[in-house]
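Structure first, then comments.
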Amino acid sequence: MTKLTHACAAAALIRDSSPPPRSNKANKRFRRDSPEGLLRRSLDMCSKHGNLIEALRLYDDSRVNKIPLSLHHYNVLLYICSSASSGDWEGSESGDLLGLGLERGFEIFKQMGVDRVAPNEATFTSAARLAADEGVRDTGPALFGFCKKRMADKAYEVDAHMVASGVMPEENELSALLRLSAEAKRLDKVYEIMHRLRANVRQVSKETAKIVEDWFMSESAAGVGEENWDVDKVREGVLKGGGGWHGQGWLGSGKWKVVRTEMDEKGVCHSCNEKLVCIDIDPRETENFATSLTTLACQREVQANFTQFQEWLQRNGPFDAVIDGANVGLINQQHFSFFQLNYVVKQLRQMSPSKRLPLVVLHRSRLNNGPALTPRNKKLLEDWKKSGSLYATPAGSNDDWYWLYAAVSCKCLLVTNDEMRDHLFQLLGTSFFPRWKEKHQVRLTVSRNGPKFHMPPPYSIESEQGSWHIPTVTGDDLETPREWICATRTRDPSSHLC
């Protein structure tokens, strides 16, 4: 008999008795070990590891054993189903899992209504993804069919229908449209789709990279472009777009030089020596995101605790960097290392324009047990507290909400190797959050020489001089530099208007 099944059997006896009053600690332990608590932890693990089959088994068992499902239970289940139906997880690309996630997701959403569990924003996010996936299943084959038959206008109609329905095409669909547009010599469409890849896909796959390279090496690409362009208008387009692209059309003329290359740590292309620029994020978007982040955090944390943290941050911030202390202290370590964490703190202080300490966010349990109790670490923690650079999240809280909010509200770097892909971060949406993460997340590798910082990569795609730099997924890890496509052509400085 499993622990969950045993708890279910005991639940009836517990409900039929009148237990004596329990302490707060006993209440927490009771909730944790209850059937509902065990189910919650099991589903959270399924979410973390992308295990649809096990999540559905747990759901079916809960129905049989009459375990009441809370909003959290339903939201995690819907997140898992919608992620599987979208092919987000490794192994979920198979037709069986895609269909299963879609079918069971709608069934669970319907049951949620039957159980009269009020949905929230997270519920609707997952439900929208399920609905979108169902739409893609209807229109996707038609799009690919028209692309294969080179029926460009029909393919564009299907694409427009998908966008109007709120269904954003995936990379494989944009790649098919890009190939079709290049073959049909629809040069305006090639330009449009290149920018849609920039906005929605970011790093392109090997297959898409080959299509992009073929386009730039084609006769059509060599023959398109403005020889005389208005520099001020292009610069204005860059500013309006937030940096990294201008949207004014193809610039320059003649054949393109296309190579695979890398960027150095300062964002300079090894091939053409052009320095890529960081893409700015609209401050209003950041403020709106911080507001929605606060709303979500207060729904999942004790509101008084999170409000207290916001007030503390107002008094002690802003910071130039925020550290996910639990993550950094455990990178390549069997036990939590304050030595490693302190090394990162000192390095970030040296890198900081203001030379102030970064904010370290740690769960309170890390400060009261184990290595935190040694004299050296006690003094270290006390120094951080006195300088206002350490925040201990309260018992029962999820420190993810705290370090993420701090980094967003301070508009600063976030140091963590957390990929931020589980259901909590999925609630933040797929538009702004990935862009914010790319610009602000610093990742680490640890070797005998100590931690090495991997700063946010530059994401300038289309330069004011007309060249293009497209990041690929090749080398998209901490050990291997990312591979880029560099497409340039000879420029005559006197050819464009001043």
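By order in the structure tokens, chains are A, B, ...; within a chain, residues start at 1; ligands start at 1, following the order shown.
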May I have all residues of segment 31-202 of chain A that DSSP, computed from the backbone, assigns to alpha helix (DSSP H), given as a PDB file with C-alpha atoms, in the first residue's frame?
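The result, stored in out-v2.pdb:
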```pdb
ATOM      1  CA  ARG A  31      -1.946  19.155   6.170  1.00  0.00           C
ATOM      2  CA  ARG A  32       1.347  18.026   4.650  1.00  0.00           C
ATOM      3  CA  ASP A  33       0.673  14.344   5.342  1.00  0.00           C
ATOM      4  CA  PRO A  35      -4.163  12.847   1.163  1.00  0.00           C
ATOM      5  CA  GLU A  36      -4.560  16.324  -0.317  1.00  0.00           C
ATOM      6  CA  GLY A  37      -1.058  17.342   0.814  1.00  0.00           C
ATOM      7  CA  LEU A  38       0.566  14.185  -0.529  1.00  0.00           C
ATOM      8  CA  LEU A  39      -1.268  14.594  -3.830  1.00  0.00           C
ATOM      9  CA  ARG A  40      -0.108  18.197  -4.076  1.00  0.00           C
ATOM     10  CA  ARG A  41       3.558  17.251  -3.607  1.00  0.00           C
ATOM     11  CA  SER A  42       3.290  14.354  -6.055  1.00  0.00           C
ATOM     12  CA  LEU A  43       1.720  16.559  -8.735  1.00  0.00           C
ATOM     13  CA  ASP A  44       4.358  19.241  -8.195  1.00  0.00           C
ATOM     14  CA  MET A  45       7.034  16.596  -8.895  1.00  0.00           C
ATOM     15  CA  CYS A  46       5.203  15.564 -12.079  1.00  0.00           C
ATOM     16  CA  SER A  47       5.189  19.211 -13.142  1.00  0.00           C
ATOM     17  CA  LYS A  48       8.884  19.553 -12.428  1.00  0.00           C
ATOM     18  CA  HIS A  49       9.811  16.450 -14.444  1.00  0.00           C
ATOM     19  CA  LEU A  52       2.014  13.520 -17.896  1.00  0.00           C
ATOM     20  CA  ILE A  53       1.267   9.812 -17.472  1.00  0.00           C
ATOM     21  CA  GLU A  54       2.013   9.788 -13.730  1.00  0.00           C
ATOM     22  CA  ALA A  55       0.027  13.016 -13.208  1.00  0.00           C
ATOM     23  CA  LEU A  56      -3.023  11.511 -14.893  1.00  0.00           C
ATOM     24  CA  ARG A  57      -2.651   8.328 -12.821  1.00  0.00           C
ATOM     25  CA  LEU A  58      -2.607  10.424  -9.648  1.00  0.00           C
ATOM     26  CA  TYR A  59      -5.674  12.338 -10.839  1.00  0.00           C
ATOM     27  CA  ASP A  60      -7.594   9.137 -11.623  1.00  0.00           C
ATOM     28  CA  ASP A  61      -6.656   7.653  -8.228  1.00  0.00           C
ATOM     29  CA  SER A  62      -7.832  10.806  -6.486  1.00  0.00           C
ATOM     30  CA  ARG A  63     -11.234  10.495  -8.171  1.00  0.00           C
ATOM     31  CA  VAL A  64     -11.524   6.849  -7.106  1.00  0.00           C
ATOM     32  CA  LEU A  71      -7.446  25.100  -7.123  1.00  0.00           C
ATOM     33  CA  HIS A  72      -3.725  24.327  -6.906  1.00  0.00           C
ATOM     34  CA  HIS A  73      -4.283  20.649  -7.800  1.00  0.00           C
ATOM     35  CA  TYR A  74      -6.345  21.582 -10.837  1.00  0.00           C
ATOM     36  CA  ASN A  75      -3.956  24.289 -12.012  1.00  0.00           C
ATOM     37  CA  VAL A  76      -0.946  21.960 -11.897  1.00  0.00           C
ATOM     38  CA  LEU A  77      -2.863  19.247 -13.766  1.00  0.00           C
ATOM     39  CA  LEU A  78      -3.991  21.709 -16.448  1.00  0.00           C
ATOM     40  CA  TYR A  79      -0.469  23.086 -16.772  1.00  0.00           C
ATOM     41  CA  ILE A  80       0.938  19.571 -17.281  1.00  0.00           C
ATOM     42  CA  CYS A  81      -1.725  18.688 -19.862  1.00  0.00           C
ATOM     43  CA  SER A  82      -1.327  21.951 -21.788  1.00  0.00           C
ATOM     44  CA  SER A  83       2.480  21.615 -21.820  1.00  0.00           C
ATOM     45  CA  ALA A  84       2.238  18.052 -23.144  1.00  0.00           C
ATOM     46  CA  SER A  85      -0.318  19.038 -25.790  1.00  0.00           C
ATOM     47  CA  GLY A  95       1.090  12.046 -31.366  1.00  0.00           C
ATOM     48  CA  ASP A  96      -0.173   9.861 -28.517  1.00  0.00           C
ATOM     49  CA  LEU A  97       1.005  12.214 -25.766  1.00  0.00           C
ATOM     50  CA  LEU A  98      -0.018  15.336 -27.671  1.00  0.00           C
ATOM     51  CA  GLY A  99      -3.535  13.995 -28.093  1.00  0.00           C
ATOM     52  CA  LEU A 100      -3.696  12.630 -24.556  1.00  0.00           C
ATOM     53  CA  GLY A 101      -2.702  15.956 -23.018  1.00  0.00           C
ATOM     54  CA  LEU A 102      -5.335  17.758 -25.068  1.00  0.00           C
ATOM     55  CA  GLU A 103      -8.140  15.258 -24.415  1.00  0.00           C
ATOM     56  CA  ARG A 104      -7.551  14.839 -20.678  1.00  0.00           C
ATOM     57  CA  GLY A 105      -6.876  18.549 -20.209  1.00  0.00           C
ATOM     58  CA  PHE A 106     -10.364  19.488 -21.424  1.00  0.00           C
ATOM     59  CA  GLU A 107     -11.855  16.672 -19.331  1.00  0.00           C
ATOM     60  CA  ILE A 108     -10.099  17.955 -16.170  1.00  0.00           C
ATOM     61  CA  PHE A 109     -11.116  21.546 -16.895  1.00  0.00           C
ATOM     62  CA  LYS A 110     -14.739  20.420 -17.228  1.00  0.00           C
ATOM     63  CA  GLN A 111     -14.530  18.452 -13.961  1.00  0.00           C
ATOM     64  CA  MET A 112     -13.180  21.564 -12.242  1.00  0.00           C
ATOM     65  CA  GLY A 113     -16.450  23.300 -13.107  1.00  0.00           C
ATOM     66  CA  VAL A 114     -18.467  20.331 -11.877  1.00  0.00           C
ATOM     67  CA  GLU A 121      -5.633  33.580 -14.091  1.00  0.00           C
ATOM     68  CA  ALA A 122      -3.411  30.488 -14.079  1.00  0.00           C
ATOM     69  CA  THR A 123      -6.397  28.301 -14.931  1.00  0.00           C
ATOM     70  CA  PHE A 124      -7.335  30.440 -17.908  1.00  0.00           C
ATOM     71  CA  THR A 125      -3.707  30.535 -19.086  1.00  0.00           C
ATOM     72  CA  SER A 126      -3.592  26.743 -19.321  1.00  0.00           C
ATOM     73  CA  ALA A 127      -7.105  26.524 -20.766  1.00  0.00           C
ATOM     74  CA  ALA A 128      -6.156  29.056 -23.440  1.00  0.00           C
ATOM     75  CA  ARG A 129      -3.108  26.994 -24.350  1.00  0.00           C
ATOM     76  CA  LEU A 130      -5.261  23.894 -24.695  1.00  0.00           C
ATOM     77  CA  ALA A 131      -7.716  25.761 -26.895  1.00  0.00           C
ATOM     78  CA  ALA A 132      -4.871  27.163 -28.984  1.00  0.00           C
ATOM     79  CA  ASP A 133      -3.328  23.704 -29.396  1.00  0.00           C
ATOM     80  CA  GLU A 134      -6.673  22.377 -30.590  1.00  0.00           C
ATOM     81  CA  GLY A 135      -6.787  25.209 -33.136  1.00  0.00           C
ATOM     82  CA  VAL A 136      -3.253  24.436 -34.301  1.00  0.00           C
ATOM     83  CA  ARG A 137      -4.190  20.797 -34.769  1.00  0.00           C
ATOM     84  CA  ASP A 138      -6.999  21.941 -37.066  1.00  0.00           C
ATOM     85  CA  THR A 139      -5.078  24.541 -39.076  1.00  0.00           C
ATOM     86  CA  GLY A 140      -1.494  23.283 -38.846  1.00  0.00           C
ATOM     87  CA  PRO A 141      -1.871  20.467 -41.409  1.00  0.00           C
ATOM     88  CA  ALA A 142      -3.572  22.858 -43.843  1.00  0.00           C
ATOM     89  CA  LEU A 143      -0.715  25.336 -43.495  1.00  0.00           C
ATOM     90  CA  PHE A 144       1.915  22.666 -44.125  1.00  0.00           C
ATOM     91  CA  GLY A 145      -0.128  21.288 -47.033  1.00  0.00           C
ATOM     92  CA  PHE A 146      -0.306  24.672 -48.787  1.00  0.00           C
ATOM     93  CA  CYS A 147       3.409  25.261 -48.140  1.00  0.00           C
ATOM     94  CA  LYS A 148       4.311  21.877 -49.609  1.00  0.00           C
ATOM     95  CA  ALA A 152       1.605  30.883 -51.108  1.00  0.00           C
ATOM     96  CA  ASP A 153      -1.578  32.953 -50.924  1.00  0.00           C
ATOM     97  CA  LYS A 154      -3.540  30.084 -49.366  1.00  0.00           C
ATOM     98  CA  ALA A 155      -0.771  29.493 -46.833  1.00  0.00           C
ATOM     99  CA  TYR A 156      -0.776  33.181 -45.901  1.00  0.00           C
ATOM    100  CA  GLU A 157      -4.563  33.049 -45.446  1.00  0.00           C
ATOM    101  CA  VAL A 158      -4.259  30.144 -43.014  1.00  0.00           C
ATOM    102  CA  ASP A 159      -1.453  31.942 -41.185  1.00  0.00           C
ATOM    103  CA  ALA A 160      -3.556  35.106 -40.887  1.00  0.00           C
ATOM    104  CA  HIS A 161      -6.488  33.050 -39.575  1.00  0.00           C
ATOM    105  CA  MET A 162      -4.272  31.474 -36.902  1.00  0.00           C
ATOM    106  CA  VAL A 163      -2.960  34.857 -35.757  1.00  0.00           C
ATOM    107  CA  ALA A 164      -6.457  36.377 -35.713  1.00  0.00           C
ATOM    108  CA  GLU A 171       8.934  27.624 -35.277  1.00  0.00           C
ATOM    109  CA  ASN A 172       8.284  24.748 -37.698  1.00  0.00           C
ATOM    110  CA  GLU A 173       5.312  26.606 -39.172  1.00  0.00           C
ATOM    111  CA  LEU A 174       7.229  29.876 -39.492  1.00  0.00           C
ATOM    112  CA  SER A 175      10.111  27.947 -41.085  1.00  0.00           C
ATOM    113  CA  ALA A 176       7.749  26.437 -43.647  1.00  0.00           C
ATOM    114  CA  LEU A 177       6.391  29.917 -44.423  1.00  0.00           C
ATOM    115  CA  LEU A 178       9.932  31.301 -44.701  1.00  0.00           C
ATOM    116  CA  ARG A 179      10.981  28.578 -47.152  1.00  0.00           C
ATOM    117  CA  LEU A 180       7.812  29.075 -49.196  1.00  0.00           C
ATOM    118  CA  SER A 181       8.232  32.865 -49.288  1.00  0.00           C
ATOM    119  CA  ALA A 182      11.870  32.579 -50.385  1.00  0.00           C
ATOM    120  CA  GLU A 183      11.020  30.097 -53.132  1.00  0.00           C
ATOM    121  CA  LEU A 187      10.593  39.320 -50.503  1.00  0.00           C
ATOM    122  CA  ASP A 188       8.323  41.383 -48.256  1.00  0.00           C
ATOM    123  CA  LYS A 189       7.032  38.201 -46.643  1.00  0.00           C
ATOM    124  CA  VAL A 190      10.574  36.895 -46.115  1.00  0.00           C
ATOM    125  CA  TYR A 191      11.392  40.098 -44.220  1.00  0.00           C
ATOM    126  CA  GLU A 192       8.195  39.890 -42.172  1.00  0.00           C
ATOM    127  CA  ILE A 193       8.755  36.246 -41.208  1.00  0.00           C
ATOM    128  CA  MET A 194      12.402  36.873 -40.303  1.00  0.00           C
ATOM    129  CA  HIS A 195      11.161  39.399 -37.748  1.00  0.00           C
ATOM    130  CA  ARG A 196       8.472  37.032 -36.477  1.00  0.00           C
ATOM    131  CA  LEU A 197      11.203  34.464 -35.884  1.00  0.00           C
ATOM    132  CA  ARG A 198      13.167  37.156 -34.038  1.00  0.00           C
ATOM    133  CA  ALA A 199      10.222  38.063 -31.831  1.00  0.00           C
ATOM    134  CA  ASN A 200       8.713  34.627 -31.169  1.00  0.00           C
TER     135      ASN A 200
END
```
Which residues come within 10 Å of Leu348 of chain A, counting only C-alpha atoms, excluding same-chain residues fewer than 4 positions away, as a ChimeraX atom specification? /A:320-323,342-344,352-353,355-358,413,415,453
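Omitting Ser220 of chain A and its sequence neighbours fewer than 3 positions away, and counting only C-alpha atoms, the residues within 9 Å are Ala182, Lys185, Leu187, Trp215, Phe216, Met217, Gly223 and Val224 of chain A.
Take the candidates A:Thr393, A:Asn398, A:Gln465, A:Gln441 and check each one against Arg235 of chain A using only C-alpha atoms; the shortest distance goes to A:Gln465.
Proximity ranking of A:Ile67, A:Thr474, A:Thr307, A:Phe433 relative to Thr294 of chain A places A:Thr307 first, based on only C-alpha atoms.
Taking only C-alpha atoms into account, Leu69 of chain A lies nearest to A:Val117 out of the set A:Val442, A:Val117, A:Ser337, A:Gly50.
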If you run DSSP over the backbone, which residues in segment 328-383 of chain A end up strand (DSSP E)? Put them as a ChimeraX atom specification. /A:359-363
Contacts of segment 203-207 of chain A at 7 Å (only C-alpha atoms; same-chain gap of 5+ positions) as a PyMOL selection string: chain A and resi 471-473
Output the selection as a CSV table (one decimal), in the first residue's frame - N, CA, C and O atoms for each residue.
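Contents of the output file part.csv:
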```csv
chain,number,residue,atom,x,y,z
A,471,PRO,N,20.8,34.2,-33.7
A,471,PRO,CA,21.3,33.2,-32.8
A,471,PRO,C,20.6,31.8,-33.1
A,471,PRO,O,19.5,31.7,-33.4
A,472,THR,N,21.4,30.7,-32.9
A,472,THR,CA,20.9,29.4,-33.1
A,472,THR,C,20.9,28.6,-31.8
A,472,THR,O,21.5,29.1,-30.8
A,473,VAL,N,20.3,27.5,-31.8
A,473,VAL,CA,20.3,26.7,-30.6
A,473,VAL,C,21.6,25.9,-30.4
A,473,VAL,O,21.9,25.3,-29.4
```
Can I get the residues of segment 285-335 of chain A within 12 Å of segment 409-412 of chain A, each with the closest pair of atoms and their distance in Å to one decimal, using only C-alpha atoms, sorted chain first then ascending number, as CSV?
```
residue,atom,partner,partner_atom,distance
A:Glu285,CA,A:Ser409,CA,11.5
A:Thr286,CA,A:Ser409,CA,7.8
A:Glu287,CA,A:Ser409,CA,7.5
A:Asn288,CA,A:Ser409,CA,10.3
A:Phe289,CA,A:Ser409,CA,9.1
A:Ala290,CA,A:Ser409,CA,6.2
A:Thr291,CA,A:Ser409,CA,9.3
A:Ser292,CA,A:Ser409,CA,11.6
A:Leu293,CA,A:Ser409,CA,9.9
A:Thr294,CA,A:Ser409,CA,10.1
A:Gln310,CA,A:Ser409,CA,9.5
A:Leu313,CA,A:Cys410,CA,8.9
A:Gln314,CA,A:Cys410,CA,9.6
A:Asn316,CA,A:Cys410,CA,10.9
A:Gly317,CA,A:Cys410,CA,7.3
A:Pro318,CA,A:Cys410,CA,5.2
A:Phe319,CA,A:Cys410,CA,6.1
A:Asp320,CA,A:Cys412,CA,5.2
A:Ala321,CA,A:Cys412,CA,5.3
A:Val322,CA,A:Cys412,CA,7.2
A:Ile323,CA,A:Cys412,CA,10.6
```
Selected residue, from A:Gly329, A:Pro481, A:Pro68, A:Pro119, that lies nearest to His270 of chain A when counting only C-alpha atoms: A:Pro481
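Among the candidates A:Val258, A:Val345, A:Val277, A:Ile470, the one nearest to Pro456 of chain A when counting only C-alpha atoms is A:Val277.
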